[in-house]
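Here is the structure we will look at.
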Amino acid sequence: MPIQDAPDGTLWIQQVTVVVDTPTPPSPAHECPAGNVDRYSGNAAAYQEVAKWTVTADRIGELKEVSMVTDDYVKTVWKLVIGATTVFNDVTIQAPLTMPFSDLRLDALAVVTLSCHSDGVTNIVADGSIVGKETGL
């Protein structure tokens, strides 16, 4: 098909670059929601798991957000670990918190863990949610 807007005497060359081992975006059939919602209730002074998500083997995870809420914000201390990275440790919050991660990609078998603890005396009820998706065959 001739190019209509080309000036007379112009030579058009189409260059195609082939990249090997570039992942092809999966079809929607290869995506599925992932994550976890759970609760810790107690008065432990050591960190206790609130919610945990492990990316399925042979899949790629995408972390969307982590949320946390408790019945006693003053006495609840939080910790978030994504893979080998401690995102925060010994953090108190003043109100429910949702942290967006804008599609943070995670390797297969990567673990996201939200934990909390009390002062060792006060009973707390802490809820956490981890929202993500997994992609792959």
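Letters A, B, ... mark the chains of the structure tokens in the order given; residue numbers begin at 1 per chain; ligand numbers begin at 1, in order shown.
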
May I have the residues within 8 Å of Arg59 (chain A) as a VMD selection string, using only C-alpha atoms and disregarding those fewer than 2 positions away in the same chain? chain A and resid 55 to 57 61 107 to 108 134 to 137

Measuring atom to atom with only C-alpha atoms, identify which of A:Thr54, A:Trp78, A:Asn36, A:Val66 is nearest to Ser118 (chain A). A:Trp78

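In this structure, CA of Thr70 (chain A) sits 11.6 Å away from CA of Gly42 (chain A).
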
Spatial neighbours of region 86-96 of chain A, max dist 12 Å, only C-alpha atoms, sep filter under 5 positions, as a VMD selection string: chain A and resid 45 to 47 66 to 81 101 111 to 119 126 to 129

Any chance you can output those residues with N, CA and C atoms as an mmCIF file, in the first residue's frame?
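And here's part-v7.cif as it stands now:
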data_model
loop_
_atom_site.group_PDB
_atom_site.id
_atom_site.type_symbol
_atom_site.label_atom_id
_atom_site.label_comp_id
_atom_site.auth_asym_id
_atom_site.auth_seq_id
_atom_site.Cartn_x
_atom_site.Cartn_y
_atom_site.Cartn_z
ATOM 1 N N ALA A 45 3.051 -9.385 73.215
ATOM 2 C CA ALA A 45 4.020 -8.293 73.100
ATOM 3 C C ALA A 45 4.965 -8.509 71.921
ATOM 4 N N ALA A 46 4.970 -9.716 71.350
ATOM 5 C CA ALA A 46 5.786 -10.011 70.165
ATOM 6 C C ALA A 46 4.883 -9.944 68.934
ATOM 7 N N TYR A 47 5.476 -9.681 67.775
ATOM 8 C CA TYR A 47 4.698 -9.558 66.550
ATOM 9 C C TYR A 47 3.911 -10.828 66.259
ATOM 10 N N VAL A 66 -2.274 -2.579 50.792
ATOM 11 C CA VAL A 66 -2.309 -3.216 52.106
ATOM 12 C C VAL A 66 -3.090 -2.282 53.021
ATOM 13 N N SER A 67 -4.064 -2.838 53.745
ATOM 14 C CA SER A 67 -4.891 -2.033 54.645
ATOM 15 C C SER A 67 -4.835 -2.595 56.047
ATOM 16 N N MET A 68 -4.976 -1.688 57.033
ATOM 17 C CA MET A 68 -4.959 -2.104 58.430
ATOM 18 C C MET A 68 -5.899 -1.245 59.264
ATOM 19 N N VAL A 69 -6.523 -1.873 60.248
ATOM 20 C CA VAL A 69 -7.430 -1.197 61.163
ATOM 21 C C VAL A 69 -7.377 -1.956 62.491
ATOM 22 N N THR A 70 -7.580 -1.246 63.598
ATOM 23 C CA THR A 70 -7.545 -1.884 64.913
ATOM 24 C C THR A 70 -8.562 -1.221 65.830
ATOM 25 N N ASP A 71 -8.880 -1.875 66.925
ATOM 26 C CA ASP A 71 -9.813 -1.290 67.884
ATOM 27 C C ASP A 71 -9.094 -0.417 68.922
ATOM 28 N N ASP A 72 -7.756 -0.447 68.939
ATOM 29 C CA ASP A 72 -6.987 0.389 69.878
ATOM 30 C C ASP A 72 -5.716 0.872 69.192
ATOM 31 N N TYR A 73 -5.784 2.029 68.555
ATOM 32 C CA TYR A 73 -4.668 2.544 67.761
ATOM 33 C C TYR A 73 -3.447 2.884 68.616
ATOM 34 N N VAL A 74 -3.665 3.307 69.838
ATOM 35 C CA VAL A 74 -2.544 3.687 70.707
ATOM 36 C C VAL A 74 -1.715 2.468 71.117
ATOM 37 N N LYS A 75 -2.358 1.343 71.319
ATOM 38 C CA LYS A 75 -1.670 0.147 71.824
ATOM 39 C C LYS A 75 -1.254 -0.842 70.734
ATOM 40 N N THR A 76 -1.588 -0.577 69.465
ATOM 41 C CA THR A 76 -1.268 -1.504 68.374
ATOM 42 C C THR A 76 -0.054 -0.997 67.609
ATOM 43 N N VAL A 77 0.934 -1.868 67.450
ATOM 44 C CA VAL A 77 2.165 -1.556 66.722
ATOM 45 C C VAL A 77 2.227 -2.471 65.501
ATOM 46 N N TRP A 78 2.546 -1.899 64.329
ATOM 47 C CA TRP A 78 2.461 -2.619 63.055
ATOM 48 C C TRP A 78 3.825 -2.849 62.415
ATOM 49 N N LYS A 79 3.872 -3.902 61.585
ATOM 50 C CA LYS A 79 5.063 -4.231 60.797
ATOM 51 C C LYS A 79 4.592 -4.782 59.449
ATOM 52 N N LEU A 80 5.232 -4.328 58.357
ATOM 53 C CA LEU A 80 4.913 -4.823 57.024
ATOM 54 C C LEU A 80 6.188 -5.271 56.340
ATOM 55 N N VAL A 81 6.186 -6.528 55.855
ATOM 56 C CA VAL A 81 7.332 -7.090 55.147
ATOM 57 C C VAL A 81 6.845 -7.565 53.780
ATOM 58 N N PHE A 101 0.155 0.438 46.422
ATOM 59 C CA PHE A 101 1.474 0.097 45.914
ATOM 60 C C PHE A 101 1.558 0.159 44.392
ATOM 61 N N VAL A 111 6.542 -13.385 49.569
ATOM 62 C CA VAL A 111 5.597 -13.360 50.677
ATOM 63 C C VAL A 111 5.382 -11.916 51.139
ATOM 64 N N VAL A 112 4.125 -11.570 51.346
ATOM 65 C CA VAL A 112 3.752 -10.279 51.928
ATOM 66 C C VAL A 112 3.124 -10.587 53.286
ATOM 67 N N THR A 113 3.693 -10.011 54.355
ATOM 68 C CA THR A 113 3.205 -10.293 55.705
ATOM 69 C C THR A 113 2.935 -8.997 56.455
ATOM 70 N N LEU A 114 1.716 -8.855 56.957
ATOM 71 C CA LEU A 114 1.335 -7.747 57.821
ATOM 72 C C LEU A 114 1.203 -8.301 59.229
ATOM 73 N N SER A 115 1.949 -7.717 60.170
ATOM 74 C CA SER A 115 1.952 -8.204 61.549
ATOM 75 C C SER A 115 1.694 -7.045 62.508
ATOM 76 N N CYS A 116 1.308 -7.399 63.733
ATOM 77 C CA CYS A 116 1.131 -6.376 64.758
ATOM 78 C C CYS A 116 1.367 -6.994 66.124
ATOM 79 N N HIS A 117 1.491 -6.131 67.122
ATOM 80 C CA HIS A 117 1.537 -6.599 68.511
ATOM 81 C C HIS A 117 0.958 -5.536 69.420
ATOM 82 N N SER A 118 0.666 -5.946 70.642
ATOM 83 C CA SER A 118 0.131 -5.066 71.666
ATOM 84 C C SER A 118 1.250 -4.718 72.644
ATOM 85 N N ASP A 119 0.896 -4.061 73.715
ATOM 86 C CA ASP A 119 1.880 -3.741 74.749
ATOM 87 C C ASP A 119 2.125 -4.912 75.690
ATOM 88 N N ALA A 126 -7.046 -6.576 65.634
ATOM 89 C CA ALA A 126 -6.461 -5.908 64.465
ATOM 90 C C ALA A 126 -6.841 -6.664 63.204
ATOM 91 N N ASP A 127 -7.340 -5.932 62.225
ATOM 92 C CA ASP A 127 -7.716 -6.511 60.930
ATOM 93 C C ASP A 127 -6.767 -5.997 59.866
ATOM 94 N N GLY A 128 -6.436 -6.875 58.916
ATOM 95 C CA GLY A 128 -5.570 -6.475 57.820
ATOM 96 C C GLY A 128 -6.019 -7.092 56.513
ATOM 97 N N SER A 129 -5.749 -6.386 55.429
ATOM 98 C CA SER A 129 -6.055 -6.947 54.115
ATOM 99 C C SER A 129 -4.898 -6.674 53.169
#

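Going from CA of Thr98 (chain A) to CA of Ala110 (chain A) covers 20.7 Å.
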